[in-house]
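Just query.cif here, mmCIF, C-alpha atoms (C1' of nucleotides):
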```cif
data_start
loop_
_atom_site.label_atom_id
_atom_site.label_comp_id
_atom_site.auth_asym_id
_atom_site.auth_seq_id
_atom_site.Cartn_x
_atom_site.Cartn_y
_atom_site.Cartn_z
CA MET A 1285 -9.57 46.05 13.31
CA VAL A 1286 -8.78 48.37 10.42
CA LYS A 1287 -11.82 49.76 8.63
CA ILE A 1288 -11.63 50.73 4.97
CA GLU A 1289 -13.50 53.94 4.20
CA ASN A 1290 -16.03 53.52 1.40
CA SER A 1291 -14.66 50.03 1.14
CA LYS A 1292 -16.28 48.87 -2.11
CA ARG A 1293 -15.48 52.11 -3.92
CA THR A 1294 -11.95 52.27 -2.55
CA ILE A 1295 -11.22 48.68 -3.59
CA LEU A 1296 -12.67 49.27 -7.05
CA ASN A 1297 -10.53 52.40 -7.46
CA LEU A 1298 -7.40 50.50 -6.54
CA ALA A 1299 -8.29 47.50 -8.70
CA GLU A 1300 -9.00 49.76 -11.67
CA SER A 1301 -5.68 51.49 -11.19
CA LEU A 1302 -3.84 48.17 -10.94
CA LEU A 1303 -5.61 46.80 -14.02
CA GLN A 1304 -4.48 49.83 -16.01
CA ASP A 1305 -0.98 49.62 -14.57
CA LYS A 1306 -0.13 45.92 -14.47
CA GLY A 1307 -2.97 44.07 -16.19
CA PHE A 1308 -5.28 41.38 -14.84
CA ASN A 1309 -2.53 38.76 -14.46
CA GLY A 1310 -0.12 41.31 -13.06
CA PHE A 1311 -1.94 42.24 -9.88
CA SER A 1312 -3.12 40.24 -6.88
CA TYR A 1313 -5.41 40.56 -3.87
CA ALA A 1314 -2.24 41.02 -1.83
CA HIS A 1315 -1.43 44.20 -3.77
CA ILE A 1316 -4.81 45.66 -2.84
CA SER A 1317 -4.95 44.49 0.77
CA SER A 1318 -1.44 45.60 1.64
CA GLU A 1319 -2.04 48.99 0.08
CA LEU A 1320 -5.16 49.39 2.22
CA GLY A 1321 -3.54 47.98 5.34
CA VAL A 1322 -5.98 45.07 5.65
CA LYS A 1323 -5.82 41.30 5.10
CA ASN A 1324 -6.56 39.74 1.73
CA ALA A 1325 -9.67 38.07 3.17
CA ALA A 1326 -11.12 41.55 3.62
CA ILE A 1327 -11.00 42.01 -0.14
CA HIS A 1328 -12.53 38.59 -0.72
CA TYR A 1329 -15.36 39.62 1.61
CA HIS A 1330 -16.36 42.39 -0.80
CA PHE A 1331 -15.41 40.65 -4.04
CA PRO A 1332 -15.30 36.88 -3.51
CA THR A 1333 -13.41 36.12 -6.73
CA LYS A 1334 -10.96 38.01 -8.87
CA GLU A 1335 -13.32 37.54 -11.79
CA GLU A 1336 -16.11 39.35 -9.92
CA LEU A 1337 -13.72 42.14 -8.99
CA GLY A 1338 -12.57 42.54 -12.59
CA CYS A 1339 -16.14 42.53 -13.87
CA ALA A 1340 -17.20 45.10 -11.28
CA VAL A 1341 -14.40 47.43 -12.40
CA ILE A 1342 -15.45 47.24 -16.03
CA LYS A 1343 -19.15 47.48 -15.21
CA ARG A 1344 -18.55 50.63 -13.21
CA TYR A 1345 -16.54 52.11 -16.06
CA ARG A 1346 -19.31 51.32 -18.52
CA ASP A 1347 -21.86 53.06 -16.31
CA ARG A 1348 -19.55 56.03 -15.89
CA PHE A 1349 -19.04 56.34 -19.64
CA GLN A 1350 -22.78 56.25 -20.28
CA LEU A 1351 -23.30 58.96 -17.68
CA TRP A 1352 -20.64 61.11 -19.28
CA ILE A 1353 -21.88 60.87 -22.85
CA ASN A 1354 -25.47 61.47 -21.82
CA ASN A 1355 -24.58 64.48 -19.72
CA ALA A 1356 -25.25 67.83 -21.37
CA ARG A 1357 -21.66 68.92 -20.78
CA VAL A 1358 -20.59 66.38 -23.35
CA LYS A 1359 -23.79 65.69 -25.27
CA ASP A 1360 -24.30 69.30 -26.33
CA LEU A 1361 -20.70 69.84 -27.41
CA PRO A 1362 -19.95 70.31 -31.11
CA PRO A 1363 -18.34 67.18 -32.65
CA GLU A 1364 -14.88 68.71 -32.72
CA GLU A 1365 -14.94 69.34 -28.98
CA LYS A 1366 -16.53 65.98 -28.31
CA LEU A 1367 -13.52 64.40 -29.96
CA ASP A 1368 -11.19 66.55 -27.91
CA TRP A 1369 -13.00 65.47 -24.78
CA PHE A 1370 -12.57 61.86 -25.84
CA PHE A 1371 -8.87 62.22 -26.56
CA GLY A 1372 -8.61 64.00 -23.23
CA ILE A 1373 -9.72 60.85 -21.39
CA TYR A 1374 -6.75 58.99 -22.85
CA THR A 1375 -4.37 61.90 -22.38
CA ASN A 1376 -5.27 61.89 -18.69
CA MET A 1377 -4.59 58.17 -18.47
CA ARG A 1378 -1.17 58.69 -19.98
CA ALA A 1379 -0.48 61.54 -17.56
CA ASP A 1380 -1.62 59.38 -14.63
CA LYS A 1381 1.52 57.23 -14.19
CA GLY A 1382 1.44 55.93 -17.74
CA LYS A 1383 -1.79 54.00 -17.40
CA VAL A 1384 -3.33 52.34 -20.43
CA CYS A 1385 -7.01 51.95 -21.20
CA LEU A 1386 -8.90 49.11 -19.54
CA VAL A 1387 -9.98 47.68 -22.86
CA GLY A 1388 -6.46 47.48 -24.23
CA SER A 1389 -5.05 46.07 -21.04
CA MET A 1390 -7.60 43.27 -20.87
CA GLU A 1391 -7.63 42.48 -24.57
CA ALA A 1392 -3.87 42.02 -24.57
CA GLU A 1393 -4.39 39.23 -22.03
CA PHE A 1394 -7.78 38.26 -23.44
CA ASN A 1395 -6.96 34.56 -23.70
CA SER A 1396 -5.97 34.29 -20.06
CA ILE A 1397 -8.84 36.13 -18.37
CA PRO A 1398 -12.19 34.67 -17.22
CA LYS A 1399 -15.10 34.41 -19.63
CA ASP A 1400 -17.43 36.84 -17.87
CA LEU A 1401 -14.69 39.43 -17.85
CA GLN A 1402 -14.19 38.98 -21.58
CA LEU A 1403 -17.89 39.69 -22.07
CA GLU A 1404 -17.73 42.89 -20.01
CA VAL A 1405 -14.74 44.08 -22.01
CA GLU A 1406 -16.56 43.33 -25.24
CA GLY A 1407 -19.54 45.34 -24.02
CA LEU A 1408 -17.42 48.32 -23.06
CA HIS A 1409 -15.50 48.27 -26.32
CA LYS A 1410 -18.70 48.22 -28.35
CA GLU A 1411 -20.08 51.19 -26.41
CA LEU A 1412 -16.92 53.22 -26.95
CA LEU A 1413 -16.99 52.43 -30.66
CA THR A 1414 -20.66 53.25 -31.02
CA TRP A 1415 -20.27 56.65 -29.42
CA LEU A 1416 -17.18 57.49 -31.47
CA GLU A 1417 -18.89 56.40 -34.66
CA GLY A 1418 -21.83 58.66 -33.90
CA THR A 1419 -19.55 61.58 -33.17
CA LEU A 1420 -17.58 61.11 -36.40
CA SER A 1421 -20.77 60.76 -38.36
CA GLU A 1422 -22.20 63.91 -36.84
CA GLY A 1423 -18.97 65.77 -37.50
CA ARG A 1424 -18.84 64.79 -41.15
CA ASP A 1425 -22.48 65.76 -41.62
CA THR A 1426 -21.81 69.21 -40.23
CA GLY A 1427 -18.70 69.55 -42.39
CA VAL A 1428 -16.15 69.69 -39.57
CA PHE A 1429 -14.61 66.28 -40.15
CA LYS A 1430 -13.36 65.03 -43.47
CA PHE A 1431 -12.74 61.35 -44.12
CA ASN A 1432 -13.61 58.66 -46.62
CA GLY A 1433 -15.45 55.43 -45.94
CA GLU A 1434 -17.73 54.34 -43.15
CA PRO A 1435 -17.77 56.24 -39.84
CA ALA A 1436 -17.75 52.86 -38.08
CA ASN A 1437 -14.45 51.94 -39.70
CA LYS A 1438 -12.87 55.31 -39.03
CA ALA A 1439 -14.03 54.99 -35.43
CA ALA A 1440 -12.39 51.57 -35.15
CA LEU A 1441 -9.20 53.02 -36.60
CA ILE A 1442 -9.08 55.93 -34.18
CA LEU A 1443 -10.02 53.90 -31.11
CA SER A 1444 -7.55 51.11 -31.85
CA SER A 1445 -4.92 53.75 -32.42
CA VAL A 1446 -5.30 55.60 -29.11
CA GLN A 1447 -5.45 52.24 -27.37
CA GLY A 1448 -2.19 51.23 -29.04
CA ALA A 1449 -0.64 54.66 -28.59
CA LEU A 1450 -1.01 54.53 -24.81
CA GLN A 1451 0.92 51.28 -24.86
CA MET A 1452 3.47 52.66 -27.30
CA ALA A 1453 4.08 55.64 -25.04
CA ARG A 1454 5.22 53.32 -22.27
CA ALA A 1455 8.22 52.27 -24.32
CA LEU A 1456 8.75 55.38 -26.42
CA GLY A 1457 7.52 58.26 -24.26
CA THR A 1458 4.52 60.56 -23.96
CA LYS A 1459 5.45 62.61 -26.99
CA LYS A 1460 4.64 59.66 -29.24
CA PHE A 1461 1.13 59.57 -27.82
CA ARG A 1462 0.61 63.27 -28.44
CA ASP A 1463 1.96 62.89 -31.97
CA VAL A 1464 -0.63 60.23 -32.71
CA VAL A 1465 -3.50 62.34 -31.38
CA ASP A 1466 -2.31 65.38 -33.34
CA GLN A 1467 -2.01 63.29 -36.48
CA HIS A 1468 -5.59 62.11 -36.07
CA LYS A 1469 -6.76 65.70 -35.86
CA LEU A 1470 -4.68 66.60 -38.89
CA ASP A 1471 -6.22 63.69 -40.82
CA LEU A 1472 -9.76 64.57 -39.78
CA LEU A 1473 -9.72 68.34 -40.05
CA ALA A 1474 -7.56 68.82 -43.12
CA MET B 607 15.16 10.76 -21.45
CA VAL B 608 13.09 12.81 -23.87
CA LYS B 609 15.11 14.90 -26.32
CA ILE B 610 13.69 18.09 -27.78
CA GLU B 611 14.47 18.53 -31.45
CA ASN B 612 16.18 21.85 -32.21
CA SER B 613 15.63 22.57 -28.56
CA LYS B 614 16.51 26.28 -28.43
CA ARG B 615 14.52 27.07 -31.55
CA THR B 616 11.57 24.95 -30.49
CA ILE B 617 11.44 26.58 -27.06
CA LEU B 618 11.70 30.06 -28.58
CA ASN B 619 8.89 29.25 -31.00
CA LEU B 620 6.64 28.11 -28.17
CA ALA B 621 7.57 31.03 -25.94
CA GLU B 622 6.89 33.49 -28.75
CA SER B 623 3.53 31.89 -29.37
CA LEU B 624 2.64 31.99 -25.67
CA LEU B 625 3.75 35.62 -25.36
CA GLN B 626 1.45 36.55 -28.24
CA ASP B 627 -1.37 34.45 -26.84
CA LYS B 628 -1.28 35.01 -23.07
CA GLY B 629 1.31 37.70 -22.38
CA PHE B 630 4.47 37.56 -20.28
CA ASN B 631 2.61 37.18 -16.98
CA GLY B 632 0.16 34.74 -18.47
CA PHE B 633 2.53 31.90 -19.34
CA SER B 634 4.92 29.78 -17.29
CA TYR B 635 7.82 27.37 -17.79
CA ALA B 636 5.31 24.62 -17.02
CA HIS B 637 3.30 25.56 -20.11
CA ILE B 638 6.36 25.11 -22.28
CA SER B 639 7.78 21.99 -20.65
CA SER B 640 4.48 20.10 -20.56
CA GLU B 641 3.82 20.98 -24.20
CA LEU B 642 7.24 19.55 -25.11
CA GLY B 643 6.91 16.54 -22.81
CA VAL B 644 9.93 17.44 -20.70
CA LYS B 645 10.52 18.77 -17.16
CA ASN B 646 10.62 22.48 -16.43
CA ALA B 647 14.32 22.22 -15.50
CA ALA B 648 14.99 21.32 -19.14
CA ILE B 649 13.73 24.76 -20.14
CA HIS B 650 15.79 26.43 -17.43
CA TYR B 651 18.83 24.61 -18.84
CA HIS B 652 18.45 26.50 -22.12
CA PHE B 653 17.07 29.75 -20.71
CA PRO B 654 18.01 30.10 -17.02
CA THR B 655 15.53 32.89 -16.29
CA LYS B 656 12.20 33.95 -17.73
CA GLU B 657 13.68 37.36 -18.41
CA GLU B 658 16.38 35.82 -20.62
CA LEU B 659 13.78 33.75 -22.43
CA GLY B 660 11.62 36.80 -23.06
CA CYS B 661 14.59 38.83 -24.25
CA ALA B 662 15.70 36.03 -26.58
CA VAL B 663 12.26 35.93 -28.18
CA ILE B 664 12.27 39.66 -28.86
CA LYS B 665 15.91 39.67 -30.00
CA ARG B 666 15.19 36.91 -32.50
CA TYR B 667 12.18 38.82 -33.78
CA ARG B 668 14.26 41.97 -34.22
CA ASP B 669 16.86 40.06 -36.23
CA ARG B 670 14.13 38.45 -38.31
CA PHE B 671 12.56 41.81 -39.08
CA GLN B 672 15.90 43.29 -40.13
CA LEU B 673 16.49 40.32 -42.43
CA TRP B 674 13.07 40.74 -43.97
CA ILE B 675 13.28 44.45 -44.67
CA ASN B 676 16.79 44.16 -46.07
CA ASN B 677 15.85 41.30 -48.33
CA ALA B 678 15.27 42.24 -51.95
CA ARG B 679 11.83 40.62 -51.89
CA VAL B 680 10.68 43.39 -49.58
CA LYS B 681 13.29 46.08 -50.14
CA ASP B 682 12.64 46.39 -53.86
CA LEU B 683 8.87 46.46 -53.56
CA PRO B 684 7.03 49.68 -54.39
CA PRO B 685 5.83 51.48 -51.22
CA GLU B 686 2.24 50.43 -51.74
CA GLU B 687 3.21 46.76 -51.75
CA LYS B 688 5.62 47.24 -48.89
CA LEU B 689 2.71 48.50 -46.83
CA ASP B 690 0.61 45.53 -47.89
CA TRP B 691 3.43 43.21 -46.85
CA PHE B 692 3.55 44.96 -43.48
CA PHE B 693 -0.20 44.71 -42.91
CA GLY B 694 0.10 41.09 -43.98
CA ILE B 695 2.35 40.31 -41.01
CA TYR B 696 -0.40 41.45 -38.66
CA THR B 697 -3.15 39.80 -40.67
CA ASN B 698 -1.29 36.52 -40.32
CA MET B 699 -1.01 37.00 -36.56
CA ARG B 700 -4.74 37.53 -36.35
CA ALA B 701 -5.35 34.43 -38.46
CA ASP B 702 -2.98 32.43 -36.25
CA LYS B 703 -5.31 31.77 -33.28
CA GLY B 704 -5.93 35.46 -32.66
CA LYS B 705 -2.40 36.31 -31.66
CA VAL B 706 -1.43 39.91 -31.02
CA CYS B 707 1.89 41.54 -31.80
CA LEU B 708 4.77 41.06 -29.36
CA VAL B 709 5.18 44.77 -28.86
CA GLY B 710 1.55 45.31 -27.89
CA SER B 711 1.44 42.30 -25.66
CA MET B 712 4.52 43.35 -23.70
CA GLU B 713 3.69 47.04 -23.56
CA ALA B 714 0.29 46.31 -22.06
CA GLU B 715 2.13 44.66 -19.15
CA PHE B 716 5.12 46.98 -19.42
CA ASN B 717 5.13 47.90 -15.72
CA SER B 718 5.26 44.29 -14.59
CA ILE B 719 7.98 42.90 -16.86
CA PRO B 720 11.78 42.90 -16.24
CA LYS B 721 13.88 45.91 -17.19
CA ASP B 722 15.99 44.21 -19.88
CA LEU B 723 12.85 42.98 -21.55
CA GLN B 724 11.45 46.50 -21.59
CA LEU B 725 14.59 47.65 -23.40
CA GLU B 726 14.29 44.92 -26.03
CA VAL B 727 10.67 45.88 -26.64
CA GLU B 728 11.65 49.52 -26.95
CA GLY B 729 14.30 48.58 -29.52
CA LEU B 730 11.91 46.51 -31.58
CA HIS B 731 9.23 49.17 -31.50
CA LYS B 732 11.67 51.83 -32.69
CA GLU B 733 12.81 49.63 -35.57
CA LEU B 734 9.25 48.97 -36.69
CA LEU B 735 8.47 52.68 -36.57
CA THR B 736 11.60 53.67 -38.43
CA TRP B 737 10.90 51.28 -41.28
CA LEU B 738 7.26 52.33 -41.54
CA GLU B 739 8.21 56.00 -41.50
CA GLY B 740 10.65 55.42 -44.35
CA THR B 741 8.07 53.56 -46.36
CA LEU B 742 5.44 56.25 -45.89
CA SER B 743 7.96 58.93 -46.76
CA GLU B 744 8.99 57.10 -49.90
CA GLY B 745 5.36 56.55 -50.85
CA ARG B 746 4.45 60.19 -50.47
CA ASP B 747 7.50 61.26 -52.49
CA THR B 748 6.48 59.01 -55.34
CA GLY B 749 2.91 60.27 -55.14
CA VAL B 750 1.28 56.97 -54.11
CA PHE B 751 0.45 57.94 -50.54
CA LYS B 752 -1.34 61.10 -49.55
CA PHE B 753 -1.28 62.43 -46.01
CA ASN B 754 -0.54 65.61 -44.11
CA GLY B 755 2.10 66.11 -41.46
CA GLU B 756 5.25 64.23 -40.61
CA PRO B 757 5.76 60.68 -41.88
CA ALA B 758 7.02 59.77 -38.39
CA ASN B 759 3.69 60.77 -36.87
CA LYS B 760 1.64 59.02 -39.50
CA ALA B 761 3.80 55.94 -38.94
CA ALA B 762 3.13 56.08 -35.20
CA LEU B 763 -0.59 56.40 -35.92
CA ILE B 764 -0.68 53.40 -38.24
CA LEU B 765 1.51 51.18 -36.10
CA SER B 766 -0.37 51.95 -32.89
CA SER B 767 -3.58 51.29 -34.75
CA VAL B 768 -2.73 47.82 -36.07
CA GLN B 769 -1.34 46.98 -32.63
CA GLY B 770 -4.62 48.06 -31.05
CA ALA B 771 -6.71 46.50 -33.79
CA LEU B 772 -5.28 43.03 -33.16
CA GLN B 773 -6.35 43.38 -29.55
CA MET B 774 -9.73 44.79 -30.54
CA ALA B 775 -10.33 41.83 -32.84
CA ARG B 776 -10.11 39.47 -29.87
CA ALA B 777 -13.24 40.98 -28.37
CA LEU B 778 -15.02 42.14 -31.51
CA GLY B 779 -13.94 39.72 -34.23
CA THR B 780 -11.57 39.58 -37.19
CA LYS B 781 -13.77 41.77 -39.36
CA LYS B 782 -12.97 44.75 -37.16
CA PHE B 783 -9.27 44.24 -37.81
CA ARG B 784 -9.79 44.10 -41.56
CA ASP B 785 -11.96 47.22 -41.40
CA VAL B 786 -9.14 49.12 -39.73
CA VAL B 787 -6.57 48.02 -42.32
CA ASP B 788 -8.91 48.91 -45.16
CA GLN B 789 -9.59 52.30 -43.63
CA HIS B 790 -5.86 52.99 -43.44
CA LYS B 791 -5.53 52.24 -47.13
CA LEU B 792 -8.52 54.43 -47.87
CA ASP B 793 -6.97 57.27 -45.87
CA LEU B 794 -3.57 56.88 -47.52
CA LEU B 795 -4.54 56.26 -51.12
CA ALA B 796 -7.53 58.56 -51.47
"C1'" DT C 709 -30.17 44.34 26.64
"C1'" DT C 710 -30.33 41.16 23.34
"C1'" DG C 711 -29.52 39.54 18.92
"C1'" DA C 712 -28.52 40.12 14.32
"C1'" DC C 713 -25.67 42.09 10.89
"C1'" DT C 714 -21.52 44.10 8.80
"C1'" DA C 715 -16.78 44.19 8.08
"C1'" DC C 716 -13.18 42.61 9.17
"C1'" DT C 717 -8.94 39.03 11.22
"C1'" DT C 718 -6.81 34.65 11.93
"C1'" DA C 719 -5.28 30.80 10.09
"C1'" DC C 720 -5.25 27.91 6.72
"C1'" DT C 721 -5.17 25.20 1.93
"C1'" DA C 722 -3.95 23.55 -2.58
"C1'" DA C 723 -2.07 24.92 -6.63
"C1'" DC C 724 1.27 27.22 -9.06
"C1'" DT C 725 5.45 30.17 -9.69
"C1'" DA C 726 10.53 30.75 -11.04
"C1'" DG C 727 14.56 28.83 -10.00
"C1'" DT C 728 18.41 25.44 -8.25
"C1'" DA C 729 21.57 21.54 -7.09
"C1'" DA C 730 22.85 17.16 -7.91
"C1'" DG C 731 22.54 13.13 -10.66
"C1'" DT C 732 22.41 10.54 -15.27
"C1'" DA C 733 22.24 8.92 -20.06
"C1'" DA C 734 23.89 9.50 -24.47
"C1'" DA C 735 26.75 11.65 -27.77
"C1'" DA C 736 30.99 13.90 -29.18
"C1'" DT C 737 35.76 14.15 -28.75
"C1'" DA C 738 40.42 12.90 -27.61
"C1'" DT D 1243 38.42 3.10 -25.14
"C1'" DA D 1244 38.30 6.89 -21.83
"C1'" DT D 1245 36.86 11.48 -20.94
"C1'" DT D 1246 34.32 15.36 -21.45
"C1'" DT D 1247 30.31 17.77 -22.80
"C1'" DT D 1248 25.50 18.25 -23.75
"C1'" DA D 1249 20.88 17.80 -22.59
"C1'" DC D 1250 18.25 16.31 -19.88
"C1'" DT D 1251 15.69 14.20 -14.97
"C1'" DT D 1252 14.93 14.00 -10.10
"C1'" DA D 1253 13.84 16.26 -6.31
"C1'" DC D 1254 13.56 20.11 -4.15
"C1'" DT D 1255 12.85 25.29 -2.28
"C1'" DA D 1256 10.82 29.55 -1.06
"C1'" DG D 1257 7.54 32.61 -2.48
"C1'" DT D 1258 3.10 33.83 -4.38
"C1'" DT D 1259 -1.55 32.92 -5.87
"C1'" DA D 1260 -6.80 32.80 -5.29
"C1'" DG D 1261 -9.81 31.28 -2.20
"C1'" DT D 1262 -12.13 29.52 2.37
"C1'" DA D 1263 -13.88 28.56 7.14
"C1'" DA D 1264 -14.30 29.99 11.51
"C1'" DG D 1265 -13.86 33.56 14.79
"C1'" DT D 1266 -14.42 38.54 16.48
"C1'" DA D 1267 -15.23 43.47 17.15
"C1'" DG D 1268 -18.21 47.15 16.49
"C1'" DT D 1269 -22.85 48.90 14.88
"C1'" DC D 1270 -27.60 49.06 14.71
"C1'" DA D 1271 -32.34 47.89 15.43
"C1'" DA D 1272 -36.02 45.67 18.24
#
```
Structure re-expressed in structure tokens:
Amino acid sequence: MVKIENSKRTILNLAESLLQDKGFNGFSYAHISSELGVKNAAIHYHFPTKEELGCAVIKRYRDRFQLWINNARVKDLPPEEKLDWFFGIYTNMRADKGKVCLVGSMEAEFNSIPKDLQLEVEGLHKELLTWLEGTLSEGRDTGVFKFNGEPANKAALILSSVQGALQMARALGTKKFRDVVDQHKLDLLA
Amino acid sequence: MVKIENSKRTILNLAESLLQDKGFNGFSYAHISSELGVKNAAIHYHFPTKEELGCAVIKRYRDRFQLWINNARVKDLPPEEKLDWFFGIYTNMRADKGKVCLVGSMEAEFNSIPKDLQLEVEGLHKELLTWLEGTLSEGRDTGVFKFNGEPANKAALILSSVQGALQMARALGTKKFRDVVDQHKLDLLA
DNA sequence: TTGACTACTTACTAACTAGTAAGTAAAATA
DNA sequence: TATTTTACTTACTAGTTAGTAAGTAGTCAA
């Protein structure tokens, strides 16, 4: 009998990676089990349904994001560096085999994923937006960022853009992603 | 025997709609055939493989876009109205049962779609970018648009953003999409 | 040492997938 | 009218999918 080390965590890591690579409809329990050298029933033992597995991936990411933004290493950063940290998350995804963000991946297939998963994605997306809005607001107050209109709308613009840019980079290359990030900085700091 | 009216066109219409709704991995020949009241082999008669069907959808869209932008009704518009026309395409998608753009849908699943389809998507994406870049460039030259940096980069930012915003709107509602479009105008026209 | 518990395997199901080969009805063409 | 072509149906295949029930090996606690 093959034993998976840190089974739940290992499965979640693989599922997260597959979600970002192929999307919810593009991966199967067989992908995970064969990669780990076990039978698909072993995965079902830990996550009975694909819906539960998907939800667990997003839930874990939400928790992780909350830990990050509440950690002093991010919290105490000036707004400019906070934004750089944020862009860095997406830059790392792009560098990691051309992955896209979970939110974008799942929203592209939104109408063919389970209801509970949709709700998790909605929750995550709101949390990302809220943090970014706060950071933009803070940055404009301190005079680092310059933009017109509501911080919430600028946050939606920037977030939707990096989400789209990761996808764009798959067809047009990494440079396009960097160009978008640089343009955002140019727009904000000019 | 049931006859499909304008069979090729009707199938392409349905396939395009399904691609924008559920993604390439989210729809099947059964979805199309049952909707049309025929057998799945009838669809295979017109489009032997799913790859060919997908490619045909994108090809048709590319042709359509070229026709649009070369038509006087768009070509002769001032840059500001050209941009409004462009945003209008995406606004209509959102209004049409929350569809997302073909490019975003396929790029989110890019690593699990056939090679030829990837190339079609790449072609379409480049054409969209090129047109938008030209429009932004023209608008800045005539003093209507204001932005720093290269028009190509600003075009990539805007396109990736509307692509992402259509996906975002699925989880967070249509208002979010409108907010993003309005913010773009605010950024460009301010 | 026994018994319970955890983490798996074996073996299966029912549904769905893209795709094919052979047959047929109706329409177009000669 | 006869023949060919077009657009389908019938009937099927082999592979994949999520999911399940029953069995088993190793671990741990009483």
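Across the structure, atom CA of B:Ala758 and atom CA of A:Leu1443 are spaced 19.4 Å apart.
Interface residues of chain D facing chain A, defined by any atom at most 12 Å away and using all atoms listed in the file, are DT1258, DT1259, DA1260, DG1261, DT1262, DA1263, DT1266, DA1267 and DG1268 of chain D.
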Quiz item: What's the 12 Å shell around D:DG1257, counting only C-alpha atoms (C1' of nucleotides), without same-chain residues fewer than 4 positions away, as a list of chain:residue names?
Solution: C:DC724, C:DT725, C:DA726, C:DG727
Contacts from chain C to chain A, 10 Å maximum, all atoms listed in the file: show me the residue list as an mmCIF file with C-alpha atoms (C1' of nucleotides), in the frame of the given file.
```cif
data_model
loop_
_atom_site.group_PDB
_atom_site.id
_atom_site.type_symbol
_atom_site.label_atom_id
_atom_site.label_comp_id
_atom_site.auth_asym_id
_atom_site.auth_seq_id
_atom_site.Cartn_x
_atom_site.Cartn_y
_atom_site.Cartn_z
ATOM 1 C "C1'" DA C 715 -16.780 44.190 8.080
ATOM 2 C "C1'" DC C 716 -13.180 42.610 9.170
ATOM 3 C "C1'" DT C 717 -8.940 39.030 11.220
ATOM 4 C "C1'" DT C 718 -6.810 34.650 11.930
#
```
Quiz item: Nearest to B:Ala762 among A:His1409, A:Lys1359, A:Arg1344, A:His1468, with distances taken over only C-alpha atoms: which residue is it?
Solution: A:His1468
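Across the model, the gap from atom CA of A:Glu1406 to atom CA of B:Ala777 is 5.1 Å.
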Just want the 7 Å neighbourhood of A:Glu1300, counted on all atoms listed in the file, with same-chain residues fewer than 4 positions away dropped. Output as a tab-separated table (two decimals) with C-alpha atoms, keeping the file's coordinate frame.
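Result file follows (around.tsv):
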```
chain	number	residue	atom	x	y	z
A	1296	LEU	CA	-12.67	49.27	-7.05
A	1304	GLN	CA	-4.48	49.83	-16.01
A	1341	VAL	CA	-14.40	47.43	-12.40
```
Quiz item: With all atoms listed in the file as the atoms that count, which of B:Thr748, B:Gln672, B:Asn631, B:Ser623 lies nearest to chain A?
Solution: B:Asn631
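Using only C-alpha atoms, the nearest neighbour of chain B within the list A:Gly1372, A:Pro1435, A:Gly1388, A:Pro1362 is A:Gly1388.
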Near chain A, 6 Å: chain B residue rows, closest pairs, only C-alpha atoms, as JSON lines:
```
{"residue": "B:Lys628", "atom": "CA", "partner": "A:Glu1393", "partner_atom": "CA", "distance": 5.3}
{"residue": "B:Gly629", "atom": "CA", "partner": "A:Glu1393", "partner_atom": "CA", "distance": 5.9}
{"residue": "B:Asn631", "atom": "CA", "partner": "A:Asn1309", "partner_atom": "CA", "distance": 5.9}
{"residue": "B:Ser711", "atom": "CA", "partner": "A:Ala1392", "partner_atom": "CA", "distance": 5.4}
{"residue": "B:Glu713", "atom": "CA", "partner": "A:Gln1451", "partner_atom": "CA", "distance": 5.2}
{"residue": "B:Ala714", "atom": "CA", "partner": "A:Ser1389", "partner_atom": "CA", "distance": 5.4}
{"residue": "B:Glu715", "atom": "CA", "partner": "A:Lys1306", "partner_atom": "CA", "distance": 5.3}
{"residue": "B:Asn717", "atom": "CA", "partner": "A:Lys1306", "partner_atom": "CA", "distance": 5.8}
{"residue": "B:Ser718", "atom": "CA", "partner": "A:Lys1306", "partner_atom": "CA", "distance": 5.6}
{"residue": "B:Glu728", "atom": "CA", "partner": "A:Ala1455", "partner_atom": "CA", "distance": 5.1}
{"residue": "B:Asn759", "atom": "CA", "partner": "A:Asp1463", "partner_atom": "CA", "distance": 5.6}
{"residue": "B:Leu763", "atom": "CA", "partner": "A:Val1464", "partner_atom": "CA", "distance": 5.0}
{"residue": "B:Ser766", "atom": "CA", "partner": "A:Gly1448", "partner_atom": "CA", "distance": 4.3}
{"residue": "B:Ser767", "atom": "CA", "partner": "A:Ser1445", "partner_atom": "CA", "distance": 3.6}
{"residue": "B:Gln769", "atom": "CA", "partner": "A:Gly1448", "partner_atom": "CA", "distance": 5.6}
{"residue": "B:Gly770", "atom": "CA", "partner": "A:Ser1444", "partner_atom": "CA", "distance": 4.3}
{"residue": "B:Ala771", "atom": "CA", "partner": "A:Ser1444", "partner_atom": "CA", "distance": 5.1}
{"residue": "B:Gln773", "atom": "CA", "partner": "A:Glu1391", "partner_atom": "CA", "distance": 5.2}
{"residue": "B:Ala777", "atom": "CA", "partner": "A:Glu1406", "partner_atom": "CA", "distance": 5.1}
{"residue": "B:Asp785", "atom": "CA", "partner": "A:Asn1437", "partner_atom": "CA", "distance": 5.6}
{"residue": "B:Val786", "atom": "CA", "partner": "A:Leu1441", "partner_atom": "CA", "distance": 5.0}
```
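The interatomic distance for the pair atom CA of A:Asn1290 and atom CA of A:Ile1342 works out to 18.5 Å.
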